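Novice: Provided below: final.cif, containing mmCIF, C-alpha atoms.
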```cif
data_model
loop_
_atom_site.label_atom_id
_atom_site.label_comp_id
_atom_site.auth_asym_id
_atom_site.auth_seq_id
_atom_site.Cartn_x
_atom_site.Cartn_y
_atom_site.Cartn_z
CA MET J 1 -19.42 11.05 4.42
CA LEU J 2 -20.25 7.62 5.80
CA ASN J 3 -20.23 6.99 9.53
CA GLN J 4 -18.66 3.93 11.19
CA PRO J 5 -21.54 1.43 10.82
CA GLU J 6 -22.31 2.52 7.25
CA ALA J 7 -18.69 2.44 6.10
CA THR J 8 -18.07 -1.00 7.59
CA ALA J 9 -21.33 -2.47 6.33
CA GLU J 10 -20.80 -1.15 2.80
CA ALA J 11 -17.23 -2.49 2.67
CA LEU J 12 -18.18 -5.93 3.96
CA ASN J 13 -21.07 -6.05 1.50
CA ILE J 14 -18.71 -5.83 -1.49
CA LEU J 15 -15.78 -7.76 -0.01
CA ARG J 16 -14.28 -10.07 -2.66
CA THR J 17 -17.41 -10.03 -4.80
CA THR J 18 -17.06 -9.80 -8.58
CA GLU J 19 -20.39 -8.06 -9.07
CA ASN J 20 -18.72 -4.66 -9.48
CA ALA J 21 -15.99 -5.80 -11.85
CA GLN J 22 -15.10 -3.34 -14.62
CA TRP J 23 -13.00 -3.71 -17.77
CA TYR J 24 -10.68 -0.88 -16.74
CA ILE J 25 -8.80 -3.28 -14.47
CA VAL J 26 -7.34 -4.83 -17.64
CA PRO J 27 -5.48 -1.70 -18.89
CA ILE J 28 -4.27 -0.73 -15.42
CA THR J 29 -2.89 -4.24 -14.98
CA ILE J 30 -1.18 -4.04 -18.38
CA ILE J 31 0.38 -0.68 -17.43
CA PHE J 32 1.58 -2.12 -14.12
CA LEU J 33 3.15 -5.12 -15.86
CA TYR J 34 4.81 -2.86 -18.42
CA ILE J 35 6.38 -0.75 -15.67
CA TYR J 36 7.93 -3.79 -14.00
CA PHE J 37 8.91 -5.66 -17.15
CA ASN J 38 10.54 -2.52 -18.51
CA GLU J 39 12.67 -2.17 -15.39
CA ILE J 40 13.50 -5.88 -15.36
CA SER J 41 14.63 -5.67 -19.00
CA LYS J 42 16.99 -2.88 -17.90
CA LYS J 43 18.17 -5.03 -14.97
CA ASN J 44 17.10 -2.30 -12.56
CA TRP J 45 16.95 -4.74 -9.67
CA LYS J 46 17.32 -1.97 -7.10
CA GLY J 47 14.17 -0.28 -8.36
CA VAL J 48 12.30 -3.58 -8.46
CA ALA J 49 13.36 -4.26 -4.86
CA ALA J 50 12.16 -0.78 -3.82
CA GLY J 51 8.79 -1.49 -5.44
CA LEU J 52 8.29 -4.96 -4.01
CA SER J 53 9.40 -3.99 -0.50
CA LEU J 54 6.84 -1.17 -0.31
CA TYR J 55 4.18 -3.50 -1.67
CA MET J 56 4.90 -6.15 0.95
CA VAL J 57 4.73 -3.60 3.78
CA HIS J 58 1.50 -2.26 2.28
CA TRP J 59 -0.10 -5.71 2.36
CA PHE J 60 1.02 -6.28 5.94
CA TYR J 61 -0.70 -3.04 6.96
CA GLU J 62 -3.87 -3.92 5.04
CA ILE J 63 -4.08 -7.30 6.76
CA MET J 64 -3.58 -5.63 10.15
CA ASN J 65 -6.33 -3.11 9.30
CA ALA J 66 -8.67 -5.97 8.39
CA LEU J 67 -7.84 -7.75 11.65
CA ILE J 68 -8.62 -4.55 13.56
CA GLN J 69 -12.01 -4.60 11.87
CA HIS J 70 -12.57 -8.21 12.91
CA PHE J 71 -11.66 -7.71 16.56
CA THR J 72 -13.14 -4.24 17.17
CA GLY J 73 -15.95 -4.07 14.63
CA HIS J 74 -14.40 -1.26 12.61
CA ALA J 75 -11.17 -0.88 10.64
CA LEU J 76 -9.11 2.33 10.67
CA TRP J 77 -9.92 2.91 6.99
CA THR J 78 -12.41 1.33 4.62
CA ILE J 79 -13.29 1.34 0.94
CA SER J 80 -17.05 1.39 0.64
CA THR J 81 -17.61 1.83 -3.09
CA GLY J 82 -15.93 2.66 -6.39
CA THR J 83 -13.71 -0.42 -6.68
CA SER J 84 -13.94 -3.27 -9.18
CA LEU J 85 -12.74 -5.75 -6.58
CA LEU J 86 -12.30 -5.24 -2.85
CA PHE J 87 -9.54 -7.56 -1.61
CA LEU J 88 -9.72 -6.56 2.05
CA VAL J 89 -11.88 -4.04 3.90
CA GLY J 90 -9.41 -1.23 3.17
CA VAL J 91 -7.88 -2.10 -0.18
CA GLY J 92 -9.28 -2.66 -3.66
CA ILE J 93 -7.55 -3.73 -6.83
CA GLU J 94 -6.95 -0.14 -7.97
CA LEU J 95 -5.09 0.87 -4.79
CA SER J 96 -3.26 -2.43 -4.76
CA VAL J 97 -1.89 -1.85 -8.28
CA MET J 98 -0.90 1.69 -7.31
CA PHE J 99 1.03 0.57 -4.24
CA ALA J 100 2.65 -2.23 -6.23
CA ALA J 101 4.27 0.31 -8.54
CA LEU J 102 4.75 3.19 -6.10
CA GLY J 103 8.10 2.23 -4.60
CA LEU J 104 9.64 1.52 -7.99
CA ILE J 105 8.39 4.81 -9.42
CA PHE J 106 9.55 6.94 -6.50
CA SER J 107 12.96 5.24 -6.45
CA LYS J 108 13.57 7.16 -9.69
CA LEU J 109 13.95 10.26 -7.52
CA LEU J 110 16.92 8.82 -5.62
CA PRO J 111 20.32 10.35 -6.45
CA GLU J 112 23.11 7.93 -7.30
CA ASP J 113 25.07 9.16 -4.28
CA LYS J 114 23.29 7.60 -1.31
CA THR J 115 25.25 9.79 1.14
CA MET J 116 24.22 13.09 -0.41
CA LYS J 117 22.12 15.32 1.83
CA ILE J 118 19.08 17.45 1.02
CA LEU J 119 18.50 20.31 3.46
CA GLY J 120 20.90 18.58 5.83
CA VAL J 121 19.04 15.25 5.70
CA ASN J 122 20.20 12.06 3.99
CA ASN J 123 18.52 12.04 0.58
CA ARG J 124 16.96 8.58 1.06
CA ILE J 125 15.26 9.66 4.28
CA PHE J 126 14.33 13.10 2.92
CA ILE J 127 12.67 11.64 -0.19
CA ALA J 128 10.89 9.01 1.90
CA ILE J 129 9.45 11.62 4.28
CA ALA J 130 8.56 14.04 1.47
CA SER J 131 6.80 11.25 -0.44
CA ALA J 132 4.96 10.20 2.72
CA ALA J 133 3.82 13.78 3.30
CA PHE J 134 2.51 14.02 -0.26
CA PHE J 135 0.39 10.89 0.11
CA GLY J 136 -0.74 11.78 3.63
CA PHE J 137 -2.10 15.04 2.20
CA SER J 138 -3.58 13.26 -0.82
CA GLU J 139 -5.74 11.11 1.43
CA ILE J 140 -7.51 14.25 2.61
CA LEU J 141 -8.81 14.66 -0.94
CA VAL J 142 -9.81 11.00 -1.29
CA VAL J 143 -11.54 10.79 2.08
CA ASN J 144 -13.91 13.55 1.00
CA THR J 145 -15.37 11.22 -1.64
CA PRO J 146 -17.80 8.35 -1.01
CA MET J 147 -15.08 5.84 -1.95
CA PHE J 148 -12.80 6.06 1.08
CA THR J 149 -13.50 6.51 4.79
CA TRP J 150 -11.36 7.27 7.82
CA VAL J 151 -13.51 5.51 10.36
CA TYR J 152 -12.33 7.12 13.60
CA PRO J 153 -12.16 10.89 14.25
CA TRP J 154 -8.61 10.62 15.59
CA TRP J 155 -7.40 8.86 12.43
CA GLY J 156 -6.43 11.44 9.81
CA SER J 157 -3.70 12.77 7.54
CA VAL J 158 -1.15 13.26 10.33
CA THR J 159 -1.56 9.76 11.79
CA VAL J 160 -1.56 8.26 8.28
CA PHE J 161 1.59 10.23 7.40
CA ILE J 162 3.46 9.11 10.53
CA THR J 163 2.28 5.55 11.07
CA VAL J 164 1.60 4.40 7.50
CA TYR J 165 3.34 6.31 4.74
CA ILE J 166 6.65 7.01 6.49
CA PRO J 167 7.22 3.26 7.12
CA PHE J 168 6.11 2.47 3.55
CA PHE J 169 8.58 4.82 1.92
CA LEU J 170 11.41 4.42 4.42
CA VAL J 171 11.53 0.67 3.85
CA SER J 172 11.30 1.18 0.09
CA MET J 173 13.94 3.90 -0.24
CA LEU J 174 16.36 2.17 2.14
CA CYS J 175 15.81 -1.25 0.57
CA TYR J 176 17.00 0.26 -2.72
CA ASP J 177 20.59 0.29 -1.41
CA TRP J 178 20.60 -3.00 0.48
CA LYS J 179 22.66 -5.92 -0.76
CA PRO J 180 20.73 -8.24 -3.11
CA LYS J 181 20.71 -11.03 -0.53
CA THR J 182 19.30 -8.70 2.14
CA GLN J 183 16.69 -7.44 -0.32
CA ALA J 184 15.63 -10.98 -1.22
CA ILE J 185 15.43 -12.13 2.41
CA SER J 186 13.47 -9.05 3.53
CA ILE J 187 10.98 -9.10 0.66
CA GLY J 188 10.65 -12.88 0.71
CA SER J 189 10.11 -13.02 4.47
CA LEU J 190 7.37 -10.39 4.33
CA ALA J 191 5.76 -12.20 1.40
CA VAL J 192 5.68 -15.46 3.38
CA VAL J 193 4.23 -13.70 6.44
CA ASN J 194 1.56 -11.96 4.35
CA ALA J 195 0.64 -15.12 2.44
CA THR J 196 0.44 -17.14 5.66
CA MET J 197 -1.83 -14.56 7.30
CA MET J 198 -4.09 -14.44 4.24
CA ILE J 199 -4.38 -18.22 4.16
CA VAL J 200 -5.10 -18.45 7.88
CA PHE J 201 -7.20 -15.34 8.52
CA ALA J 202 -9.00 -15.04 5.19
CA GLY J 203 -9.06 -18.62 3.93
CA VAL J 204 -9.32 -20.83 7.02
CA LEU J 205 -10.76 -18.68 9.79
CA LYS J 206 -12.55 -16.23 7.46
CA TRP J 207 -11.87 -13.35 9.83
CA ILE J 208 -10.91 -10.87 7.13
#
```
How does this structure look as structure tokens?
Specialist:
Amino acid sequence: MLNQPEATAEALNILRTTENAQWYIVPITIIFLYIYFNEISKKNWKGVAAGLSLYMVHWFYEIMNALIQHFTGHALWTISTGTSLLFLVGVGIELSVMFAALGLIFSKLLPEDKTMKILGVNNRIFIAIASAAFFGFSEILVVNTPMFTWVYPWWGSVTVFITVYIPFFLVSMLCYDWKPKTQAISIGSLAVVNATMMIVFAGVLKWI
């Protein structure tokens, strides 16, 4: 497992370089597009909103993680190898495509009755927390490979579960039931914030 200096140096070394590009990004992109276009053809706008809202929150977190790296020297998590294209210090194209589809896919678990309870908990919240727990545990498996690093000893599956994945899935599962106007404003606002930060911090200042 890489230590802090190694993980950061390796990630920065491959940041937004195309030297590691692989053809497999083509089929995964096609699969991602098929998932969304299929739902759009069915007019499943709720599912699309669930997917896009999670994706926007994901990008906000990734930008914050990259800014933490800039100001402290080390991000909370890094991708050091194994990606065709590293967008930011903690996210490559493969993870980005996964998170883009995740909210839409998991919205398929939501019952039609948004008031129904599971084990005494509202089903939207229960599914969000259960999904967050699954991915918090999954990171334990990934972090034991050379590809992904939790940089600090206090940053692990529990902190990821609470501070990252619960917000991801809560926003996504709750957004599913919001009015279309609220969905559009929320997703659009986050998109504008993320795009502005990328332009300023990555493009102009080159901090991330």
Novice: Counting only C-alpha atoms, what is within 9 Å of Pro180 in chain J, bar same-chain residues fewer than 3 positions away, as a ChimeraX atom specification?
Specialist: /J:45-46,49,177,183-185
Novice: Produce a file of the selected residues containing C-alpha atoms, as a PDB file, in the frame of the given file.
Specialist:
```
ATOM      1  CA  TRP J  45      16.950  -4.740  -9.670  1.00  0.00           C
ATOM      2  CA  LYS J  46      17.320  -1.970  -7.100  1.00  0.00           C
ATOM      3  CA  ALA J  49      13.360  -4.260  -4.860  1.00  0.00           C
ATOM      4  CA  ASP J 177      20.590   0.290  -1.410  1.00  0.00           C
ATOM      5  CA  GLN J 183      16.690  -7.440  -0.320  1.00  0.00           C
ATOM      6  CA  ALA J 184      15.630 -10.980  -1.220  1.00  0.00           C
ATOM      7  CA  ILE J 185      15.430 -12.130   2.410  1.00  0.00           C
TER       8      ILE J 185
END
```
Novice: Can you work out which one of J:Phe148, J:Phe99, J:Phe71, J:Trp59 has the shortest atom-to-atom distance to Asn194 in chain J, counting all atoms listed in the file?
Specialist: J:Trp59
Novice: For Thr196 in chain J, which residue out of J:Trp155, J:Trp150, J:Phe32, J:Phe60 is the nearest one, using all atoms listed in the file?
Specialist: J:Phe60
Novice: Quick one: apply the PyMOL selection byres ((chain J and resi 162) around 12) to the file and drop the selected residues here as a PyMOL selection string.
Specialist: chain J and resi 128-137+155-161+163-170
Novice: Evaluate the PyMOL selection byres ((chain J and resi 16) around 8) against this structure - the residues, as a PyMOL selection string, please.
Specialist: chain J and resi 14-15+17-18+85-88
Novice: Can you work out the spacing between CA of Val48 in chain J and CA of Gly92 in chain J in Å, to one decimal?
Specialist: 22.1 Å
Novice: Using all atoms listed in the file, which residue out of J:Lys206, J:Lys108, J:Lys42, J:His74 lies closest to Val151 in chain J?
Specialist: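 The closest residue to Val151 in chain J is J:His74.
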Novice: Which residues, named as in the file, does the PyMOL selection byres ((chain J and resi 21) around 8) pick out? Answer as a list in words.
Specialist: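 Output of the PyMOL selection byres ((chain J and resi 21) around 8): Thr18, Glu19, Asn20, Gln22, Trp23, Thr83, Ser84 and Leu85 of chain J.
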Novice: Build an axis-aligned box that encloses every atom of range 20-24 of chain J listed in the file, pad it by 8 Å on each side, and report its centre and edge lengths in Å to one decimal, as JSON.
Specialist:
```
{"center_x": -14.7, "center_y": -3.3, "center_z": -13.6, "size_x": 24.0, "size_y": 20.9, "size_z": 24.3}
```
Novice: Kindly give the distance, in Å, that separates CA of Leu190 in chain J and CA of Tyr34 in chain J, rounded to a single decimal.
Specialist: 24.1 Å
Novice: Select, from J:Leu67, J:Ala75, J:Val89, J:Ala101, the residue with the minimum atom-to-atom distance to Phe37 in chain J, counting only C-alpha atoms.
Specialist: J:Ala101
